[in-house]
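Here is data.tsv, consisting of TSV, C-alpha atoms and all ligand atoms:
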```tsv
chain	number	residue	atom	x	y	z
A	12	MET	CA	-98.67	81.68	-67.77
A	13	PRO	CA	-96.30	80.05	-65.26
A	14	THR	CA	-92.82	79.90	-66.65
A	15	ALA	CA	-90.96	76.60	-66.51
A	16	ASP	CA	-88.05	76.39	-64.10
A	17	PRO	CA	-84.69	76.49	-65.87
A	18	PRO	CA	-83.08	73.06	-66.09
A	19	VAL	CA	-80.78	72.31	-63.17
A	20	ALA	CA	-77.27	71.42	-64.31
A	21	ARG	CA	-76.13	68.06	-62.98
A	22	ILE	CA	-73.06	68.28	-60.78
A	23	PRO	CA	-70.49	65.97	-62.34
A	24	LEU	CA	-68.77	63.53	-60.01
A	25	ILE	CA	-65.06	64.07	-60.41
A	26	ARG	CA	-62.84	61.73	-58.46
A	27	ARG	CA	-59.75	62.86	-56.57
A	28	ARG	CA	-56.94	61.41	-54.54
A	29	GLY	CA	-57.22	61.69	-50.79
A	30	LEU	CA	-55.18	64.12	-48.70
A	31	LEU	CA	-52.60	63.27	-46.10
A	32	ILE	CA	-53.41	66.00	-43.60
A	33	VAL	CA	-50.76	66.50	-40.93
A	34	LEU	CA	-51.78	68.50	-37.89
A	35	SER	CA	-48.87	69.36	-35.60
A	36	SER	CA	-48.64	71.58	-32.55
A	37	PRO	CA	-47.10	71.56	-29.12
A	38	SER	CA	-49.08	69.44	-26.61
A	39	GLY	CA	-51.80	71.60	-25.12
A	40	ALA	CA	-52.32	73.88	-28.13
A	41	GLY	CA	-55.69	72.27	-28.75
A	42	LYS	CA	-54.77	69.96	-31.60
A	43	THR	CA	-56.58	66.94	-30.14
A	44	THR	CA	-59.84	68.88	-29.70
A	45	ILE	CA	-59.59	70.29	-33.21
A	46	SER	CA	-58.81	66.86	-34.71
A	47	LYS	CA	-61.83	65.31	-32.98
A	48	LYS	CA	-64.20	68.07	-34.08
A	49	PHE	CA	-62.81	68.02	-37.60
A	50	LEU	CA	-63.31	64.25	-37.84
A	51	GLU	CA	-66.89	64.52	-36.58
A	52	ALA	CA	-67.65	67.22	-39.12
A	53	GLU	CA	-65.98	65.49	-42.06
A	54	SER	CA	-66.76	61.82	-41.39
A	55	PRO	CA	-66.67	59.52	-43.35
A	56	THR	CA	-64.53	61.40	-45.91
A	57	VAL	CA	-61.73	61.80	-43.37
A	58	GLN	CA	-60.28	59.01	-41.24
A	59	MET	CA	-57.81	59.28	-38.40
A	60	SER	CA	-54.44	57.62	-38.61
A	61	VAL	CA	-53.97	55.68	-35.36
A	62	SER	CA	-50.29	55.71	-34.38
A	63	VAL	CA	-48.48	53.02	-32.44
A	64	THR	CA	-46.62	54.18	-29.35
A	65	THR	CA	-44.56	52.80	-26.49
A	66	ARG	CA	-45.83	55.47	-24.07
A	67	ARG	CA	-48.21	54.52	-21.28
A	68	GLN	CA	-51.94	54.85	-21.83
A	69	ARG	CA	-53.43	57.92	-20.11
A	70	PRO	CA	-56.76	57.79	-18.27
A	71	GLY	CA	-59.57	58.18	-20.76
A	72	GLU	CA	-57.52	57.03	-23.74
A	73	VAL	CA	-58.82	54.10	-25.76
A	74	ASP	CA	-56.37	51.51	-27.07
A	75	GLY	CA	-56.88	51.14	-30.82
A	76	ALA	CA	-58.65	54.50	-31.13
A	77	ASP	CA	-56.31	57.13	-29.63
A	78	TYR	CA	-53.17	55.03	-30.12
A	79	ARG	CA	-52.22	51.41	-30.34
A	80	PHE	CA	-50.18	50.96	-27.15
A	81	ILE	CA	-47.36	48.47	-27.69
A	82	ASP	CA	-44.04	47.61	-26.07
A	83	ARG	CA	-40.56	48.41	-27.44
A	84	ALA	CA	-40.04	44.94	-28.88
A	85	ALA	CA	-43.31	45.08	-30.84
A	86	PHE	CA	-42.50	48.61	-31.99
A	87	GLU	CA	-39.07	47.60	-33.24
A	88	ARG	CA	-40.58	44.63	-35.06
A	89	LEU	CA	-43.04	46.87	-36.92
A	90	ARG	CA	-40.29	49.37	-37.74
A	91	ASP	CA	-37.92	46.65	-38.99
A	92	GLU	CA	-40.65	45.06	-41.14
A	93	GLY	CA	-41.13	48.45	-42.84
A	94	ALA	CA	-44.72	48.64	-41.58
A	95	LEU	CA	-44.31	52.26	-40.43
A	96	LEU	CA	-44.50	55.16	-42.86
A	97	GLU	CA	-42.55	57.29	-40.39
A	98	HIS	CA	-41.48	57.00	-36.78
A	99	ALA	CA	-39.85	59.23	-34.18
A	100	GLU	CA	-38.83	59.47	-30.53
A	101	VAL	CA	-40.85	62.08	-28.65
A	102	PHE	CA	-40.37	62.71	-24.90
A	103	GLY	CA	-38.45	59.43	-24.60
A	104	HIS	CA	-41.14	57.27	-26.19
A	105	ALA	CA	-41.38	55.82	-29.67
A	106	TYR	CA	-44.27	56.80	-31.95
A	107	GLY	CA	-44.98	55.61	-35.49
A	108	THR	CA	-47.54	55.85	-38.28
A	109	PRO	CA	-48.69	52.48	-39.71
A	110	SER	CA	-48.44	52.55	-43.52
A	111	ALA	CA	-51.08	49.99	-44.49
A	112	PRO	CA	-54.29	52.02	-43.98
A	113	ILE	CA	-52.89	55.09	-45.72
A	114	ALA	CA	-52.20	53.99	-49.31
A	115	ALA	CA	-55.67	52.45	-49.68
A	116	ALA	CA	-57.46	55.50	-48.27
A	117	LEU	CA	-55.63	57.96	-50.52
A	118	GLU	CA	-56.28	55.84	-53.60
A	119	GLN	CA	-60.00	55.71	-52.78
A	120	GLY	CA	-60.22	59.48	-52.34
A	121	ARG	CA	-60.49	59.38	-48.57
A	122	ASP	CA	-58.44	61.84	-46.52
A	123	VAL	CA	-56.27	60.74	-43.63
A	124	LEU	CA	-55.65	62.99	-40.63
A	125	LEU	CA	-52.38	62.54	-38.76
A	126	ASP	CA	-51.67	64.04	-35.34
A	127	ILE	CA	-47.87	63.77	-35.45
A	128	ASP	CA	-44.90	65.95	-34.58
A	129	TRP	CA	-42.50	67.98	-36.78
A	130	GLN	CA	-40.18	65.00	-37.26
A	131	GLY	CA	-43.07	63.01	-38.73
A	132	ALA	CA	-44.11	65.92	-40.98
A	133	GLN	CA	-40.55	66.20	-42.23
A	134	ALA	CA	-40.28	62.45	-42.93
A	135	LEU	CA	-43.58	62.42	-44.84
A	136	ALA	CA	-42.39	65.31	-47.03
A	137	ALA	CA	-39.64	63.00	-48.28
A	138	GLY	CA	-41.83	59.88	-48.48
A	139	PRO	CA	-43.98	58.16	-51.13
A	140	PHE	CA	-47.07	60.32	-50.45
A	141	LYS	CA	-45.35	63.71	-50.47
A	142	ASN	CA	-47.67	64.99	-53.21
A	143	ASP	CA	-50.72	64.20	-51.10
A	144	LEU	CA	-49.39	66.02	-48.07
A	145	VAL	CA	-51.01	69.10	-46.47
A	146	ARG	CA	-49.10	70.25	-43.40
A	147	ILE	CA	-50.89	72.42	-40.85
A	148	PHE	CA	-49.24	73.79	-37.72
A	149	ILE	CA	-51.30	75.07	-34.80
A	150	LEU	CA	-49.79	77.66	-32.48
A	151	PRO	CA	-51.12	78.55	-29.02
A	152	PRO	CA	-52.06	82.24	-28.56
A	153	SER	CA	-49.21	82.52	-26.00
A	154	LEU	CA	-46.85	80.34	-23.97
A	155	ASP	CA	-48.60	81.43	-20.76
A	156	GLU	CA	-51.88	80.15	-22.14
A	157	LEU	CA	-50.20	76.90	-23.19
A	158	HIS	CA	-48.85	76.45	-19.65
A	159	ARG	CA	-52.32	77.05	-18.21
A	160	ARG	CA	-53.87	74.52	-20.61
A	161	LEU	CA	-51.24	71.88	-19.73
A	162	GLU	CA	-51.87	72.40	-16.01
A	163	ARG	CA	-55.64	72.33	-16.49
A	164	ARG	CA	-55.33	69.03	-18.34
A	165	ASN	CA	-54.09	67.80	-15.00
A	166	GLN	CA	-53.09	64.38	-16.22
A	167	ASP	CA	-49.38	64.95	-16.04
A	168	SER	CA	-47.16	65.77	-13.06
A	169	ALA	CA	-45.46	69.20	-12.67
A	170	ASP	CA	-42.23	67.71	-14.06
A	171	VAL	CA	-44.04	66.46	-17.11
A	172	VAL	CA	-45.66	69.88	-17.62
A	173	GLU	CA	-42.19	71.50	-17.55
A	174	GLU	CA	-40.88	68.89	-19.99
A	175	ARG	CA	-43.85	69.57	-22.30
A	176	MET	CA	-43.15	73.35	-22.14
A	177	GLN	CA	-39.56	72.70	-23.24
A	178	GLY	CA	-40.87	70.44	-25.97
A	179	ALA	CA	-43.33	73.16	-27.02
A	180	ARG	CA	-40.55	75.67	-27.68
A	181	GLN	CA	-38.71	73.05	-29.70
A	182	GLU	CA	-41.82	72.10	-31.69
A	183	ILE	CA	-42.72	75.75	-32.38
A	184	SER	CA	-39.22	76.38	-33.79
A	185	HIS	CA	-40.22	74.19	-36.79
A	186	TRP	CA	-43.24	76.28	-37.82
A	187	ARG	CA	-41.63	77.21	-41.14
A	188	ASP	CA	-41.70	73.57	-42.30
A	189	TYR	CA	-45.50	73.72	-42.62
A	190	ASP	CA	-47.78	74.81	-45.48
A	191	TYR	CA	-50.26	76.54	-43.14
A	192	VAL	CA	-49.73	78.04	-39.69
A	193	LEU	CA	-52.80	78.83	-37.55
A	194	VAL	CA	-53.24	80.38	-34.11
A	195	ASN	CA	-55.73	78.56	-31.90
A	196	ALA	CA	-57.15	81.39	-29.81
A	197	GLU	CA	-60.70	80.09	-30.21
A	198	VAL	CA	-61.44	76.47	-31.13
A	199	GLU	CA	-64.40	76.99	-33.48
A	200	ALA	CA	-62.58	79.70	-35.46
A	201	CYS	CA	-59.47	77.54	-35.77
A	202	LEU	CA	-61.55	74.53	-36.81
A	203	ALA	CA	-63.21	76.64	-39.52
A	204	GLU	CA	-59.76	77.60	-40.82
A	205	VAL	CA	-58.71	73.95	-40.98
A	206	GLN	CA	-61.89	73.15	-42.92
A	207	THR	CA	-61.26	76.01	-45.36
A	208	ILE	CA	-57.75	74.75	-46.04
A	209	VAL	CA	-58.90	71.18	-46.60
A	210	ARG	CA	-61.79	72.17	-48.88
A	211	ALA	CA	-59.49	74.18	-51.13
A	212	GLU	CA	-56.77	71.53	-51.14
A	213	ARG	CA	-59.28	68.88	-52.26
A	214	LEU	CA	-59.98	70.93	-55.38
A	215	ARG	CA	-56.38	71.30	-56.55
A	216	ARG	CA	-55.97	70.19	-60.15
A	217	GLU	CA	-53.18	67.73	-59.47
A	218	ARG	CA	-55.34	65.81	-56.99
A	219	ARG	CA	-58.14	65.42	-59.53
A	220	SER	CA	-56.22	64.63	-62.69
A	221	GLY	CA	-54.24	61.62	-63.85
A	222	ILE	CA	-56.69	59.24	-62.13
A	223	LYS	CA	-59.64	57.14	-63.32
A	224	GLY	CA	-62.84	59.17	-63.16
A	225	GLY	CA	-60.87	62.37	-62.69
A	226	LEU	CA	-60.70	65.70	-64.51
A	227	ASP	CA	-59.12	64.31	-67.70
A	228	GLU	CA	-62.20	62.18	-68.41
A	229	PHE	CA	-64.59	64.98	-67.49
A	230	VAL	CA	-62.86	67.51	-69.71
A	231	ALA	CA	-62.94	64.98	-72.58
A	232	THR	CA	-66.78	64.96	-72.34
A	233	LEU	CA	-66.75	68.72	-73.00
A	234	ASP	CA	-65.06	68.35	-76.40
B	1	LIG	P1	-48.80	62.58	-26.79
B	1	LIG	O1	-47.93	61.61	-26.06
B	1	LIG	O2	-49.03	63.85	-26.05
B	1	LIG	O3	-50.09	61.93	-27.27
B	1	LIG	O4	-48.03	62.97	-28.13
B	1	LIG	C1	-46.74	63.51	-28.06
B	1	LIG	C2	-46.32	63.99	-29.44
B	1	LIG	O5	-46.10	62.88	-30.31
B	1	LIG	C3	-47.36	64.86	-30.12
B	1	LIG	O6	-46.71	65.99	-30.67
B	1	LIG	C4	-47.91	63.99	-31.22
B	1	LIG	O7	-48.32	64.75	-32.33
B	1	LIG	C5	-46.69	63.16	-31.56
B	1	LIG	N1	-47.04	61.91	-32.24
B	1	LIG	C6	-48.08	61.10	-32.00
B	1	LIG	N2	-48.07	60.04	-32.84
B	1	LIG	C7	-46.99	60.20	-33.65
B	1	LIG	C8	-46.46	59.45	-34.76
B	1	LIG	O8	-46.97	58.41	-35.17
B	1	LIG	N3	-45.34	59.95	-35.34
B	1	LIG	C9	-44.73	61.10	-34.92
B	1	LIG	N4	-43.65	61.52	-35.58
B	1	LIG	N5	-45.21	61.84	-33.88
B	1	LIG	C10	-46.33	61.39	-33.26
```
Could I get this structure in the form of structure tokens?
Amino acid sequence: MPTADPPVARIPLIRRRGLLIVLSSPSGAGKTTISKKFLEAESPTVQMSVSVTTRRQRPGEVDGADYRFIDRAAFERLRDEGALLEHAEVFGHAYGTPSAPIAAALEQGRDVLLDIDWQGAQALAAGPFKNDLVRIFILPPSLDELHRRLERRNQDSADVVEERMQGARQEISHWRDYDYVLVNAEVEACLAEVQTIVRAERLRRERRSGIKGGLDEFVATLD
């Protein structure tokens, strides 16, 4: 007699708030590659925050996708209107995170990935979404390797490479301000670590309770 398959338990849908995932690292530590791969793997659950900046567009960069390239006057207008969740000067240029897309995404349970520096991470930790924040810092395996990667990128002059190396030391000095600190010796391994962090963070109780369709309602059905 064939035995009947045991009934398959239905996986309950439990809603959660989205995560504000900050990925910081010195330029050249591989953060951009990891962000892109992470977004591809996690789309459409994760969306990228597109910053505004006054720096010049580099070859290959797409306005509106990599950054929104604007002039100082436009930047100052956005800042003064309160349209930026955080903003900072980096290498003599202004950068800022537009607020509007973030609140809606987090409410709807979508995660937002931000490629911003330590000043931005610090500002967000004091801001309205501090409870949604997951801060990840990516270190290069060595400063020599970082130098090689910056040269290989070959988009910046030797002076700019030196300036970026100075900036790297400065950025690295803030590693303790982050929740997770990874070493990017190998992109796929580092990406897997980022995914592990994000998967666990999504399951934290506080992200899944106190909201409509969250844990409170599910647990009530168990009574
Ligand atoms: P890059 O000019 O190489 O694209 O970026 C320079 C630095 O500025 C990077 O460390 C990057 O993470 C940071 N950055 C980019 N956008 C923002 C932003 O909106 N806010 C802050 N605080 N930093 C940003």
Using all atoms listed in the file, which residues sit within 9 Å of region 70-77 of chain A once same-chain residues fewer than 6 positions away are excluded, as a PyMOL selection string? chain A and resi 59+61-63+166
Go ahead and dump the residues you just picked, C-alpha atoms, as a PDB file, in the frame of the given file.
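out.pdb, freshly written:
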```pdb
ATOM      1  CA  MET A  59     -57.810  59.280 -38.400  1.00  0.00           C
ATOM      2  CA  VAL A  61     -53.970  55.680 -35.360  1.00  0.00           C
ATOM      3  CA  SER A  62     -50.290  55.710 -34.380  1.00  0.00           C
ATOM      4  CA  VAL A  63     -48.480  53.020 -32.440  1.00  0.00           C
ATOM      5  CA  GLN A 166     -53.090  64.380 -16.220  1.00  0.00           C
TER       6      GLN A 166
END
```
Hey, which residues come within 9 Å of ligand LIG 1 (chain B) if we count all atoms listed in the file? Could you give them as a PyMOL selection string? chain A and resi 34-39+42-43+60-64+66-69+77-78+95-102+104-109+125-134+175+178-179+182
Proximity of region 103-152 of chain A to region 202-209 of chain A: per-residue shortest pair, 12 Å limit, all atoms listed in the file, as a tab-separated table:
```
residue	atom	partner	partner_atom	distance
A:Asp122	CA	A:Val209	CA	9.4
A:Val123	CA	A:Val209	CA	11.2
A:Leu124	CA	A:Val209	CA	10.6
A:Asp143	CA	A:Val209	CA	11.7
A:Leu144	CA	A:Val209	CA	10.9
A:Val145	CA	A:Val209	CA	8.2
A:Arg146	CA	A:Ile208	CA	10.1
A:Ile147	CA	A:Val205	CA	8.0
A:Phe148	CA	A:Val205	CA	10.0
A:Ile149	CA	A:Val205	CA	9.7
```
So that I can see what lies close to Val198 (chain A), please list as a compact mmCIF listing (two decimals) with C-alpha atoms, keeping the file's coordinate frame the residues with an atom at most 8 Å from it, counting all atoms listed in the file and leaving out residues fewer than 3 positions away in the same chain.
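Final output, out.txt:
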```txt
# COMPACT_ATOMS: atom_id res chain seq x y z
CA GLY A 41 -55.69 72.27 -28.75
CA THR A 44 -59.84 68.88 -29.70
CA ILE A 45 -59.59 70.29 -33.21
CA ASN A 195 -55.73 78.56 -31.90
CA CYS A 201 -59.47 77.54 -35.77
CA LEU A 202 -61.55 74.53 -36.81
```
Report, in Å with one decimal, the straight-line distance from CA of Lys47 (chain A) to CA of Pro152 (chain A). 20.0 Å
Cut-off 12 Å: closest region 89-131 of chain A/region 215-228 of chain A atom pairs per residue, using all atoms listed in the file, as CSV:
```
residue,atom,partner,partner_atom,distance
A:Leu117,CA,A:Arg218,CA,10.2
A:Glu118,CA,A:Ile222,CA,9.2
A:Gln119,CA,A:Ile222,CA,10.5
A:Gly120,CA,A:Arg218,CA,9.2
A:Arg121,CA,A:Arg218,CA,11.8
A:Asp122,CA,A:Arg218,CA,11.6
```
Would you write out those residues with C-alpha atoms, as a PDB file, in the coordinates of the input?
```pdb
ATOM      1  CA  LEU A 117     -55.630  57.960 -50.520  1.00  0.00           C
ATOM      2  CA  GLU A 118     -56.280  55.840 -53.600  1.00  0.00           C
ATOM      3  CA  GLN A 119     -60.000  55.710 -52.780  1.00  0.00           C
ATOM      4  CA  GLY A 120     -60.220  59.480 -52.340  1.00  0.00           C
ATOM      5  CA  ARG A 121     -60.490  59.380 -48.570  1.00  0.00           C
ATOM      6  CA  ASP A 122     -58.440  61.840 -46.520  1.00  0.00           C
TER       7      ASP A 122
END
```
Could you tell me how far CA of Ala40 (chain A) sits from CA of Leu154 (chain A), in Å to one decimal place?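 Here the two named atoms are 9.4 Å from each other.
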May I ask for the distance between CA of Gly93 (chain A) and CA of Ile113 (chain A), given in Å to one decimal place?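 Pair CA of Gly93 (chain A) / CA of Ile113 (chain A) returns 13.8 Å.
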Pick from A:His158, A:Ala94, A:Val192, A:Arg83 nearest to Val33 (chain A), counting all atoms listed in the file: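 Of all the options, A:Val192 lies closest to Val33 (chain A).
With all atoms listed in the file as the atoms that count, the residue of A:Ala136, A:Ala20, A:Ala200, A:Leu30 with the shortest distance to Ala116 (chain A) is A:Leu30.
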